[in-house]
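Chemist: Input file: input-v5.pdb. Contents: PDB, C-alpha atoms and all ligand atoms.
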MODEL        1
ATOM      1  CA  MET A 869     -31.337  -9.628  23.967
ATOM      2  CA  CYS A 870     -34.830  -8.072  23.593
ATOM      3  CA  ALA A 871     -33.461  -5.388  21.271
ATOM      4  CA  TYR A 872     -31.706  -8.091  19.233
ATOM      5  CA  LEU A 873     -34.920 -10.147  18.888
ATOM      6  CA  LEU A 874     -36.880  -7.036  17.983
ATOM      7  CA  GLY A 875     -34.294  -6.245  15.304
ATOM      8  CA  VAL A 876     -34.579  -9.764  13.866
ATOM      9  CA  ILE A 877     -38.415  -9.564  13.813
ATOM     10  CA  MET A 878     -38.356  -6.104  12.197
ATOM     11  CA  SER A 879     -35.881  -7.244   9.557
ATOM     12  CA  LEU A 880     -38.329 -10.037   8.591
ATOM     13  CA  PHE A 881     -40.928  -7.402   7.699
ATOM     14  CA  LYS A 882     -38.534  -4.891   6.159
ATOM     15  CA  LYS A 883     -38.844  -4.486   2.416
ATOM     16  CA  GLU A 884     -35.687  -5.809   0.731
ATOM     17  CA  THR A 885     -33.693  -3.012  -0.870
ATOM     18  CA  THR A 886     -32.474  -3.714  -4.365
ATOM     19  CA  PHE A 887     -30.229  -1.456  -6.419
ATOM     20  CA  ASN A 888     -29.811  -1.150 -10.169
ATOM     21  CA  SER A 889     -26.107  -1.201  -9.523
ATOM     22  CA  LEU A 890     -23.721  -0.775  -6.648
ATOM     23  CA  PRO A 891     -20.444   1.068  -6.347
ATOM     24  CA  GLU A 892     -17.566  -1.390  -6.538
ATOM     25  CA  HIS A 893     -15.783  -0.006  -3.493
ATOM     26  CA  ILE A 894     -17.282   2.245  -0.829
ATOM     27  CA  ALA A 895     -14.967   4.046   1.597
ATOM     28  CA  ILE A 896     -16.417   5.594   4.754
ATOM     29  CA  ILE A 897     -14.969   8.170   7.137
ATOM     30  CA  MET A 898     -16.714   7.231  10.390
ATOM     31  CA  ASP A 899     -16.826  10.759  11.784
ATOM     32  CA  GLY A 900     -18.864  12.397  14.531
ATOM     33  CA  ASN A 901     -18.568   9.952  17.422
ATOM     34  CA  GLY A 902     -17.290  12.635  19.808
ATOM     35  CA  ARG A 903     -20.047  15.115  18.927
ATOM     36  CA  TRP A 904     -22.681  12.380  19.203
ATOM     37  CA  ALA A 905     -21.512  11.692  22.774
ATOM     38  CA  LYS A 906     -21.281  15.390  23.660
ATOM     39  CA  LYS A 907     -24.873  15.982  22.532
ATOM     40  CA  ARG A 908     -25.911  13.348  25.064
ATOM     41  CA  SER A 909     -23.572  14.582  27.838
ATOM     42  CA  LEU A 910     -21.693  11.301  27.591
ATOM     43  CA  PRO A 911     -17.917  10.750  27.571
ATOM     44  CA  ARG A 912     -16.282  10.563  24.120
ATOM     45  CA  SER A 913     -15.646   6.867  24.766
ATOM     46  CA  ALA A 914     -19.422   6.278  24.604
ATOM     47  CA  GLY A 915     -19.399   7.861  21.149
ATOM     48  CA  HIS A 916     -16.734   5.429  19.977
ATOM     49  CA  VAL A 917     -18.654   2.481  21.434
ATOM     50  CA  ALA A 918     -21.731   3.610  19.501
ATOM     51  CA  GLY A 919     -19.560   4.207  16.406
ATOM     52  CA  SER A 920     -18.109   0.723  16.641
ATOM     53  CA  LYS A 921     -21.608  -0.823  16.865
ATOM     54  CA  LYS A 922     -22.636   1.209  13.841
ATOM     55  CA  PHE A 923     -19.578   0.031  11.926
ATOM     56  CA  LYS A 924     -20.565  -3.625  12.534
ATOM     57  CA  GLU A 925     -24.158  -2.976  11.437
ATOM     58  CA  ILE A 926     -23.125  -1.171   8.243
ATOM     59  CA  ALA A 927     -20.461  -3.761   7.356
ATOM     60  CA  ARG A 928     -23.030  -6.566   7.763
ATOM     61  CA  TYR A 929     -25.482  -4.640   5.613
ATOM     62  CA  CYS A 930     -22.892  -4.035   2.871
ATOM     63  CA  ASN A 931     -22.199  -7.768   2.853
ATOM     64  CA  LYS A 932     -25.917  -8.507   2.612
ATOM     65  CA  ILE A 933     -26.527  -6.236  -0.368
ATOM     66  CA  GLY A 934     -23.571  -7.768  -2.201
ATOM     67  CA  LEU A 935     -21.075  -4.901  -2.097
ATOM     68  CA  HIS A 936     -17.615  -6.109  -3.109
ATOM     69  CA  TYR A 937     -15.358  -3.724  -1.123
ATOM     70  CA  LEU A 938     -15.846  -1.552   1.966
ATOM     71  CA  THR A 939     -13.018   0.425   3.570
ATOM     72  CA  VAL A 940     -13.549   2.243   6.868
ATOM     73  CA  TYR A 941     -11.311   4.813   8.551
ATOM     74  CA  ALA A 942     -10.898   3.596  12.127
ATOM     75  CA  PHE A 943      -7.721   5.385  13.224
ATOM     76  CA  SER A 944      -5.494   7.797  11.342
ATOM     77  CA  THR A 945      -1.756   8.437  11.662
ATOM     78  CA  GLU A 946      -2.786  11.793  13.194
ATOM     79  CA  ASN A 947      -5.150  10.298  15.784
ATOM     80  CA  TRP A 948      -2.211   9.509  18.134
ATOM     81  CA  LYS A 949      -2.417  13.214  19.085
ATOM     82  CA  ARG A 950      -5.615  12.477  21.029
ATOM     83  CA  PRO A 951      -5.528  11.909  24.805
ATOM     84  CA  LYS A 952      -4.066   8.501  25.679
ATOM     85  CA  GLU A 953      -7.335   7.444  27.293
ATOM     86  CA  GLU A 954      -9.212   7.987  24.027
ATOM     87  CA  VAL A 955      -6.576   6.184  21.938
ATOM     88  CA  ASP A 956      -6.692   3.237  24.382
ATOM     89  CA  ASN A 957     -10.445   3.228  24.174
ATOM     90  CA  ILE A 958     -10.459   2.944  20.352
ATOM     91  CA  MET A 959      -7.737   0.245  20.439
ATOM     92  CA  ASN A 960      -9.783  -1.717  22.977
ATOM     93  CA  LEU A 961     -12.814  -1.601  20.696
ATOM     94  CA  LEU A 962     -10.654  -3.009  17.919
ATOM     95  CA  ARG A 963      -9.350  -5.727  20.247
ATOM     96  CA  GLU A 964     -12.925  -6.685  21.137
ATOM     97  CA  TYR A 965     -13.888  -6.792  17.486
ATOM     98  CA  LEU A 966     -10.907  -8.943  16.525
ATOM     99  CA  LYS A 967     -11.486 -11.358  19.393
ATOM    100  CA  ASP A 968     -15.026 -11.814  18.156
ATOM    101  CA  ALA A 969     -13.586 -13.236  14.937
ATOM    102  CA  LYS A 970     -16.073 -16.109  14.744
ATOM    103  CA  ASN A 971     -18.522 -13.634  13.217
ATOM    104  CA  PHE A 972     -16.345 -13.275  10.139
ATOM    105  CA  LYS A 973     -16.642 -16.990   9.436
ATOM    106  CA  GLU A 974     -20.396 -16.944   9.902
ATOM    107  CA  GLU A 975     -20.747 -13.859   7.747
ATOM    108  CA  ASN A 976     -18.233 -14.863   5.044
ATOM    109  CA  ILE A 977     -16.461 -11.477   5.280
ATOM    110  CA  CYS A 978     -12.797 -11.210   4.259
ATOM    111  CA  LEU A 979     -11.041  -8.806   6.611
ATOM    112  CA  LYS A 980      -7.883  -6.841   5.909
ATOM    113  CA  PHE A 981      -6.133  -4.049   7.779
ATOM    114  CA  ILE A 982      -4.466  -1.218   5.899
ATOM    115  CA  GLY A 983      -1.990   1.175   7.484
ATOM    116  CA  ASP A 984       1.318   1.065   9.318
ATOM    117  CA  ARG A 985       1.132  -1.749  11.890
ATOM    118  CA  GLU A 986       4.551  -1.124  13.379
ATOM    119  CA  PRO A 987       3.497   1.138  16.309
ATOM    120  CA  LEU A 988       0.506  -1.050  17.300
ATOM    121  CA  ASP A 989       0.550  -3.166  20.463
ATOM    122  CA  GLU A 990       1.937  -6.662  19.891
ATOM    123  CA  ASP A 991      -1.318  -8.404  20.864
ATOM    124  CA  ILE A 992      -3.261  -6.342  18.310
ATOM    125  CA  LYS A 993      -0.730  -7.183  15.583
ATOM    126  CA  LEU A 994      -1.116 -10.895  16.388
ATOM    127  CA  LEU A 995      -4.911 -10.679  16.410
ATOM    128  CA  ILE A 996      -4.832  -8.916  13.032
ATOM    129  CA  ASP A 997      -2.565 -11.617  11.545
ATOM    130  CA  ASP A 998      -4.871 -14.367  12.850
ATOM    131  CA  VAL A 999      -8.080 -12.784  11.648
ATOM    132  CA  GLU A1000      -6.708 -11.924   8.213
ATOM    133  CA  GLU A1001      -5.445 -15.489   7.826
ATOM    134  CA  GLU A1002      -8.723 -17.037   9.029
ATOM    135  CA  SER A1003     -10.913 -14.902   6.795
ATOM    136  CA  LYS A1004      -8.727 -14.843   3.687
ATOM    137  CA  ASN A1005     -10.831 -17.338   1.712
ATOM    138  CA  ALA A1006     -14.178 -15.713   2.511
ATOM    139  CA  THR A1007     -16.050 -14.928  -0.690
ATOM    140  CA  GLY A1008     -18.347 -12.200   0.632
ATOM    141  CA  LEU A1009     -17.541  -8.564   1.364
ATOM    142  CA  LYS A1010     -13.868  -7.549   1.348
ATOM    143  CA  LEU A1011     -13.728  -5.349   4.427
ATOM    144  CA  ASN A1012     -10.682  -3.129   4.942
ATOM    145  CA  ILE A1013     -10.094  -1.389   8.237
ATOM    146  CA  ALA A1014      -7.749   1.580   7.940
ATOM    147  CA  LEU A1015      -5.775   1.565  11.180
ATOM    148  CA  ASN A1016      -2.859   3.903  11.821
ATOM    149  CA  TYR A1017      -3.513   4.856   8.231
ATOM    150  CA  GLY A1018      -2.503   8.072   6.484
ATOM    151  CA  GLY A1019      -2.634   8.659   2.737
ATOM    152  CA  ARG A1020       0.628  10.602   2.635
ATOM    153  CA  ASP A1021       2.346   8.051   4.840
ATOM    154  CA  GLU A1022       1.122   5.341   2.468
ATOM    155  CA  ILE A1023       2.554   7.154  -0.571
ATOM    156  CA  VAL A1024       5.908   7.797   1.160
ATOM    157  CA  ASN A1025       6.039   4.122   2.072
ATOM    158  CA  ALA A1026       5.243   3.129  -1.528
ATOM    159  CA  VAL A1027       7.951   5.424  -2.924
ATOM    160  CA  ARG A1028      10.505   3.900  -0.534
ATOM    161  CA  LYS A1029       9.551   0.387  -1.669
ATOM    162  CA  ILE A1030       9.783   1.385  -5.334
ATOM    163  CA  VAL A1031      13.199   3.027  -4.909
ATOM    164  CA  LYS A1032      14.507   0.016  -2.971
ATOM    165  CA  SER A1033      13.281  -2.317  -5.725
ATOM    166  CA  GLY A1034      15.796  -0.654  -8.068
ATOM    167  CA  ILE A1035      13.264   0.005 -10.843
ATOM    168  CA  SER A1036      14.459   2.671 -13.277
ATOM    169  CA  ALA A1037      12.709   6.060 -12.965
ATOM    170  CA  ASP A1038      11.399   5.973 -16.539
ATOM    171  CA  CYS A1039       9.591   2.697 -15.887
ATOM    172  CA  ILE A1040       7.503   4.090 -13.009
ATOM    173  CA  THR A1041       3.823   4.407 -13.907
ATOM    174  CA  ASP A1042       0.535   4.999 -12.053
ATOM    175  CA  GLU A1043       0.288   1.251 -11.785
ATOM    176  CA  THR A1044       3.704   1.015 -10.081
ATOM    177  CA  ILE A1045       2.490   3.382  -7.369
ATOM    178  CA  SER A1046      -0.885   1.619  -6.982
ATOM    179  CA  GLN A1047       0.776  -1.768  -6.679
ATOM    180  CA  ASN A1048       2.916  -0.531  -3.795
ATOM    181  CA  LEU A1049       0.104   0.966  -1.711
ATOM    182  CA  TYR A1050      -1.602  -0.880   1.153
ATOM    183  CA  THR A1051      -4.552  -1.332  -1.199
ATOM    184  CA  ALA A1052      -2.501  -3.115  -3.902
ATOM    185  CA  GLY A1053      -4.659  -5.430  -5.970
ATOM    186  CA  MET A1054      -7.948  -3.774  -4.980
ATOM    187  CA  PRO A1055     -10.096  -1.543  -7.146
ATOM    188  CA  ASP A1056      -9.923   2.135  -6.168
ATOM    189  CA  PRO A1057     -12.864   3.369  -4.093
ATOM    190  CA  ASP A1058     -15.474   4.792  -6.441
ATOM    191  CA  PHE A1059     -17.653   6.213  -3.656
ATOM    192  CA  ILE A1060     -16.531   8.015  -0.500
ATOM    193  CA  ILE A1061     -19.013   8.758   2.266
ATOM    194  CA  ARG A1062     -18.323  11.253   5.027
ATOM    195  CA  PRO A1063     -21.008  11.944   7.601
ATOM    196  CA  SER A1064     -20.902  14.550  10.403
ATOM    197  CA  GLY A1065     -20.935  17.731   8.325
ATOM    198  CA  GLU A1066     -17.218  17.848   7.527
ATOM    199  CA  TYR A1067     -16.228  18.343   3.895
ATOM    200  CA  ARG A1068     -12.689  17.060   3.649
ATOM    201  CA  LEU A1069     -10.746  13.919   2.933
ATOM    202  CA  SER A1070      -8.488  14.066   6.024
ATOM    203  CA  ASN A1071      -5.588  12.192   4.416
ATOM    204  CA  TYR A1072      -7.842   9.249   3.529
ATOM    205  CA  LEU A1073      -7.064   7.215   0.394
ATOM    206  CA  ILE A1074      -5.745  10.350  -1.312
ATOM    207  CA  TRP A1075      -4.129   8.510  -4.230
ATOM    208  CA  GLN A1076      -6.968   6.026  -4.691
ATOM    209  CA  SER A1077      -9.763   8.620  -4.593
ATOM    210  CA  ALA A1078      -8.649  10.473  -7.757
ATOM    211  CA  TYR A1079     -11.924   9.671  -9.559
ATOM    212  CA  ALA A1080     -14.179   8.836  -6.610
ATOM    213  CA  GLU A1081     -17.632  10.313  -6.137
ATOM    214  CA  TYR A1082     -18.364  11.890  -2.739
ATOM    215  CA  TRP A1083     -21.397  11.902  -0.485
ATOM    216  CA  PHE A1084     -21.484  14.211   2.522
ATOM    217  CA  SER A1085     -24.145  14.461   5.184
ATOM    218  CA  ASP A1086     -24.703  16.136   8.573
ATOM    219  CA  ILE A1087     -25.646  12.844  10.222
ATOM    220  CA  LEU A1088     -23.216  11.870  12.981
ATOM    221  CA  TRP A1089     -21.716   8.410  12.400
ATOM    222  CA  PRO A1090     -23.500   6.665  15.322
ATOM    223  CA  ASP A1091     -26.832   7.965  13.911
ATOM    224  CA  PHE A1092     -26.043   6.738  10.384
ATOM    225  CA  LYS A1093     -28.595   4.133   9.313
ATOM    226  CA  THR A1094     -28.796   1.581   6.524
ATOM    227  CA  LYS A1095     -31.478   3.807   4.950
ATOM    228  CA  HIS A1096     -28.841   6.577   4.684
ATOM    229  CA  LEU A1097     -26.524   4.196   2.877
ATOM    230  CA  ASP A1098     -29.402   3.293   0.548
ATOM    231  CA  MET A1099     -29.941   7.017  -0.143
ATOM    232  CA  ALA A1100     -26.238   7.532  -0.803
ATOM    233  CA  ILE A1101     -26.085   4.573  -3.215
ATOM    234  CA  GLU A1102     -29.199   5.777  -5.048
ATOM    235  CA  ASP A1103     -27.508   9.157  -5.386
ATOM    236  CA  PHE A1104     -24.294   7.503  -6.641
ATOM    237  CA  ASN A1105     -26.299   5.677  -9.292
ATOM    238  CA  LYS A1106     -27.509   9.026 -10.673
ATOM    239  CA  ARG A1107     -23.997  10.449 -11.092
ATOM    240  CA  ASN A1108     -22.585  10.859 -14.562
ATOM    241  CA  ARG A1109     -19.003   9.592 -14.296
ATOM    242  CA  ARG A1110     -16.849  10.833 -17.166
ATOM    243  CA  TYR A1111     -13.252  10.303 -15.951
ATOM    244  CA  GLY A1112     -12.125  13.438 -17.728
ATOM    245  CA  GLY A1113     -13.904  12.467 -20.938
ATOM    246  CA  ILE A1114     -17.162  13.928 -22.234
TER     247      ILE A1114
HETATM  248  C1  LIG B1201     -13.922  10.090  14.284
HETATM  249  O1  LIG B1201     -14.893  10.693  15.095
HETATM  250  C2  LIG B1201     -13.779   8.725  14.725
HETATM  251  C3  LIG B1201     -12.596   8.148  15.071
HETATM  252  C4  LIG B1201     -11.313   8.842  15.024
HETATM  253  C5  LIG B1201     -12.578   6.758  15.560
HETATM  254  C6  LIG B1201     -13.466   5.844  14.799
HETATM  255  C7  LIG B1201     -13.464   4.577  15.520
HETATM  256  C8  LIG B1201     -14.540   3.771  15.633
HETATM  257  C9  LIG B1201     -15.846   4.024  14.982
HETATM  258  C10 LIG B1201     -14.401   2.521  16.391
HETATM  259  C11 LIG B1201     -13.555   1.600  15.580
HETATM  260  C12 LIG B1201     -13.822   0.259  15.932
HETATM  261  C13 LIG B1201     -13.808  -0.759  15.052
HETATM  262  C14 LIG B1201     -14.135  -2.071  15.585
HETATM  263  C15 LIG B1201     -13.480  -0.589  13.623
HETATM  264  P1  LIG B1201     -14.437  11.789  16.146
HETATM  265  O2  LIG B1201     -14.163  11.110  17.433
HETATM  266  O3  LIG B1201     -13.302  12.586  15.607
HETATM  267  O4  LIG B1201     -15.736  12.619  16.251
HETATM  268  P2  LIG B1201     -15.849  14.192  16.502
HETATM  269  O5  LIG B1201     -15.289  14.850  15.265
HETATM  270  O6  LIG B1201     -17.314  14.387  16.657
HETATM  271  O7  LIG B1201     -15.071  14.507  17.735
ENDMDL
END
For the file at hand, write its structure as structure tokens.
Modeler:
Amino acid sequence: MCAYLLGVIMSLFKKETTFNSLPEHIAIIMDGNGRWAKKRSLPRSAGHVAGSKKFKEIARYCNKIGLHYLTVYAFSTENWKRPKEEVDNIMNLLREYLKDAKNFKEENICLKFIGDREPLDEDIKLLIDDVEEESKNATGLKLNIALNYGGRDEIVNAVRKIVKSGISADCITDETISQNLYTAGMPDPDFIIRPSGEYRLSNYLIWQSAYAEYWFSDILWPDFKTKHLDMAIEDFNKRNRRYGGI
């Protein structure tokens, strides 16, 4: 409670950040929770708790600065290989977040989950349906949570849908693929942020990121602050985006 009040008081004195322009769609790989916990001799679960808090703070901030789209990588199709205890821990954090759905109404955030829902627990699937329905008319940030998401899995799924639709091979275009991905109807991410000192995409939005700009940093996700996002956006605004042209 004290920390919350302190945060509110500090935010009253904090200089408002304004940007010349913002990316249209930021995608973040929330990496480094485990190492953050290890550095503090804490269990990995503590890292995910801290990572989940950080996710809420950054999503709120993105909404405040007027970003249109934010997509975060919460759980990949490969993350099932982790010990069951850790998988359960991440799923429980998601449950908690979804049950706290009143915040979406207050914050005017439109929430959507991308990924294969089939293997998720029934109660999580129901919570996702409810929250997506309740927040669908929100006009603020469009927040996508990638859950049981894999870029290759997404493309395979899209190809299956396209083949089943009976469309002739010659009529298939980039747009056909895009319209059959989980992100159909959304602009591609133009800015991808990966903290924690790893320099790879890890099967994240591999089709959509064709022309994205990247920002890497050694900061572990739970240590990532709004000032780091400001720095990343300022950096993005200096990039010369040519899309293959000159
Ligand atoms: C990667 O760090 C992080 C994950 C696989 C899980 C991310 C999940 C959260 C931040 C919580 C999600 C909750 C909500 C509400 C969206 P890592 O564990 O692989 O870190 P390491 O590379 O340091 O081990």
Chemist: Please expand the PyMOL selection byres (((chain A and resi 912-928) around 7) and not hetatm) into the concrete residues it hits in this file, giving the result as a count of residues only.
Modeler: 17
Chemist: So how far away is CA of Phe981 in chain A from CA of Leu1011 in chain A, in Å?
Modeler: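 Computing the Euclidean distance for CA of Leu1011 in chain A and CA of Phe981 in chain A yields 8.4 Å.
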Chemist: Quick one: everything within 10 Å of Tyr1111 in chain A, counting all atoms listed in the file, minus sequence neighbours fewer than 3 positions away in the same chain. Send it as number ranges by chain.
Modeler: A: 1078-1080, 1108, 1114
Chemist: Each side padded by 5 Å, which centre and which edge lengths in Å (one decimal) define the axis-aligned box around the listed atoms of ligand LIG 1201 (chain B)? Give them as AutoDock Vina command-line options.
Modeler:
--center_x -14.3 --center_y 6.4 --center_z 15.7 --size_x 16.0 --size_y 26.9 --size_z 14.1
Chemist: I would like the residues chosen by the PyMOL selection byres (((chain A and resi 1085) around 7) and not hetatm) on the shown file; could you give them as a list in words?
Modeler: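 That selection, the PyMOL selection byres (((chain A and resi 1085) around 7) and not hetatm), comes back as Arg1062, Pro1063, Ser1064, Gly1065, Trp1083, Phe1084, Asp1086 and Ile1087 of chain A.
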Chemist: Given all atoms listed in the file as the basis, pick out the residue of A:Tyr1072, A:Tyr1050, A:Tyr937, A:Phe1059 nearest to Arg1107 in chain A.
Modeler: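 Checking each of A:Tyr1072, A:Tyr1050, A:Tyr937, A:Phe1059 against Arg1107 in chain A, counting all atoms listed in the file, the winner is A:Phe1059.
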Chemist: Using all atoms listed in the file and a cutoff of 12 Å, can you tell me which residues are near (1.5, 3.8, -9.1) in the file's coordinates, and write them out as a PyMOL selection string?
Modeler: chain A and resi 1022-1024+1026-1027+1029-1030+1039-1053+1056+1075-1076
Chemist: Point out the residue among A:Arg903, A:Arg985, A:Lys980, A:Lys973 with the least atom-to-atom distance to ligand LIG 1201 (chain B), counting all atoms listed in the file.
Modeler: A:Arg903
Chemist: Can you turn the PyMOL selection byres (((chain A and resi 996) around 10) and not hetatm) into a concrete residue list for this file, as a list in words?
Modeler: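 Selected by the PyMOL selection byres (((chain A and resi 996) around 10) and not hetatm) here: Leu962, Arg963, Leu966, Lys967, Ala969, Leu979, Lys980, Phe981, Arg985, Glu990, Asp991, Ile992, Lys993, Leu994, Leu995, Asp997, Asp998, Val999, Glu1000, Glu1001 and Glu1002 of chain A.
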Chemist: How far is it from CA of Asp1021 in chain A to CA of Tyr941 in chain A, in Å with one decimal?
Modeler: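 Distance reported for this atom pair: 14.5 Å.
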Chemist: So which one's closest to ligand LIG 1201 (chain B), A:Asp1103, A:Asp1091, A:Asp1058, A:Glu1081? Using all atoms listed in the file, please.
Modeler: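 Of all the options, A:Asp1091 lies closest to ligand LIG 1201 (chain B).
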Chemist: Please compute the atom C3 of ligand LIG 1201 (chain B)-CA of Thr939 in chain A distance, one decimal, in Å.
Modeler: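 According to the coordinates, atom C3 of ligand LIG 1201 (chain B) and CA of Thr939 in chain A are separated by 13.9 Å.
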Chemist: For ligand LIG 1201 (chain B), which of A:Asp956, A:Asp989, A:Ile1061, A:Leu1088 is the closest residue, counting all atoms listed in the file?
Modeler: A:Leu1088
Chemist: Which of these, A:Gly934, A:Gly1008, A:Pro891, A:Tyr1067, has the shortest distance to ligand LIG 1201 (chain B) once you count only C-alpha atoms and all ligand atoms?
Modeler: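 Among the listed residues, the smallest separation from ligand LIG 1201 (chain B) belongs to A:Tyr1067.
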Chemist: Which residue, A:Glu892, A:Asp899, A:Phe887, A:Leu935, has the smallest gap to Phe1092 in chain A when you use all atoms listed in the file?
Modeler: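 Checking each candidate against Phe1092 in chain A, we get A:Asp899 as the closest.
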Chemist: Would you mind listing what lies within 10 Å of Asn888 in chain A as an MDAnalysis selection string, with only C-alpha atoms counted and same-chain residues fewer than 4 positions away left out?
Modeler: chainID A and resid 1101:1102 1105
Chemist: Residues of the last selection are to be written out with C-alpha atoms, as a compact mmCIF listing (two decimals), in the coordinates of the input.
Modeler:
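What landed in part-v6.txt:
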# COMPACT_ATOMS: atom_id res chain seq x y z
CA ILE A 1101 -26.08 4.57 -3.22
CA GLU A 1102 -29.20 5.78 -5.05
CA ASN A 1105 -26.30 5.68 -9.29
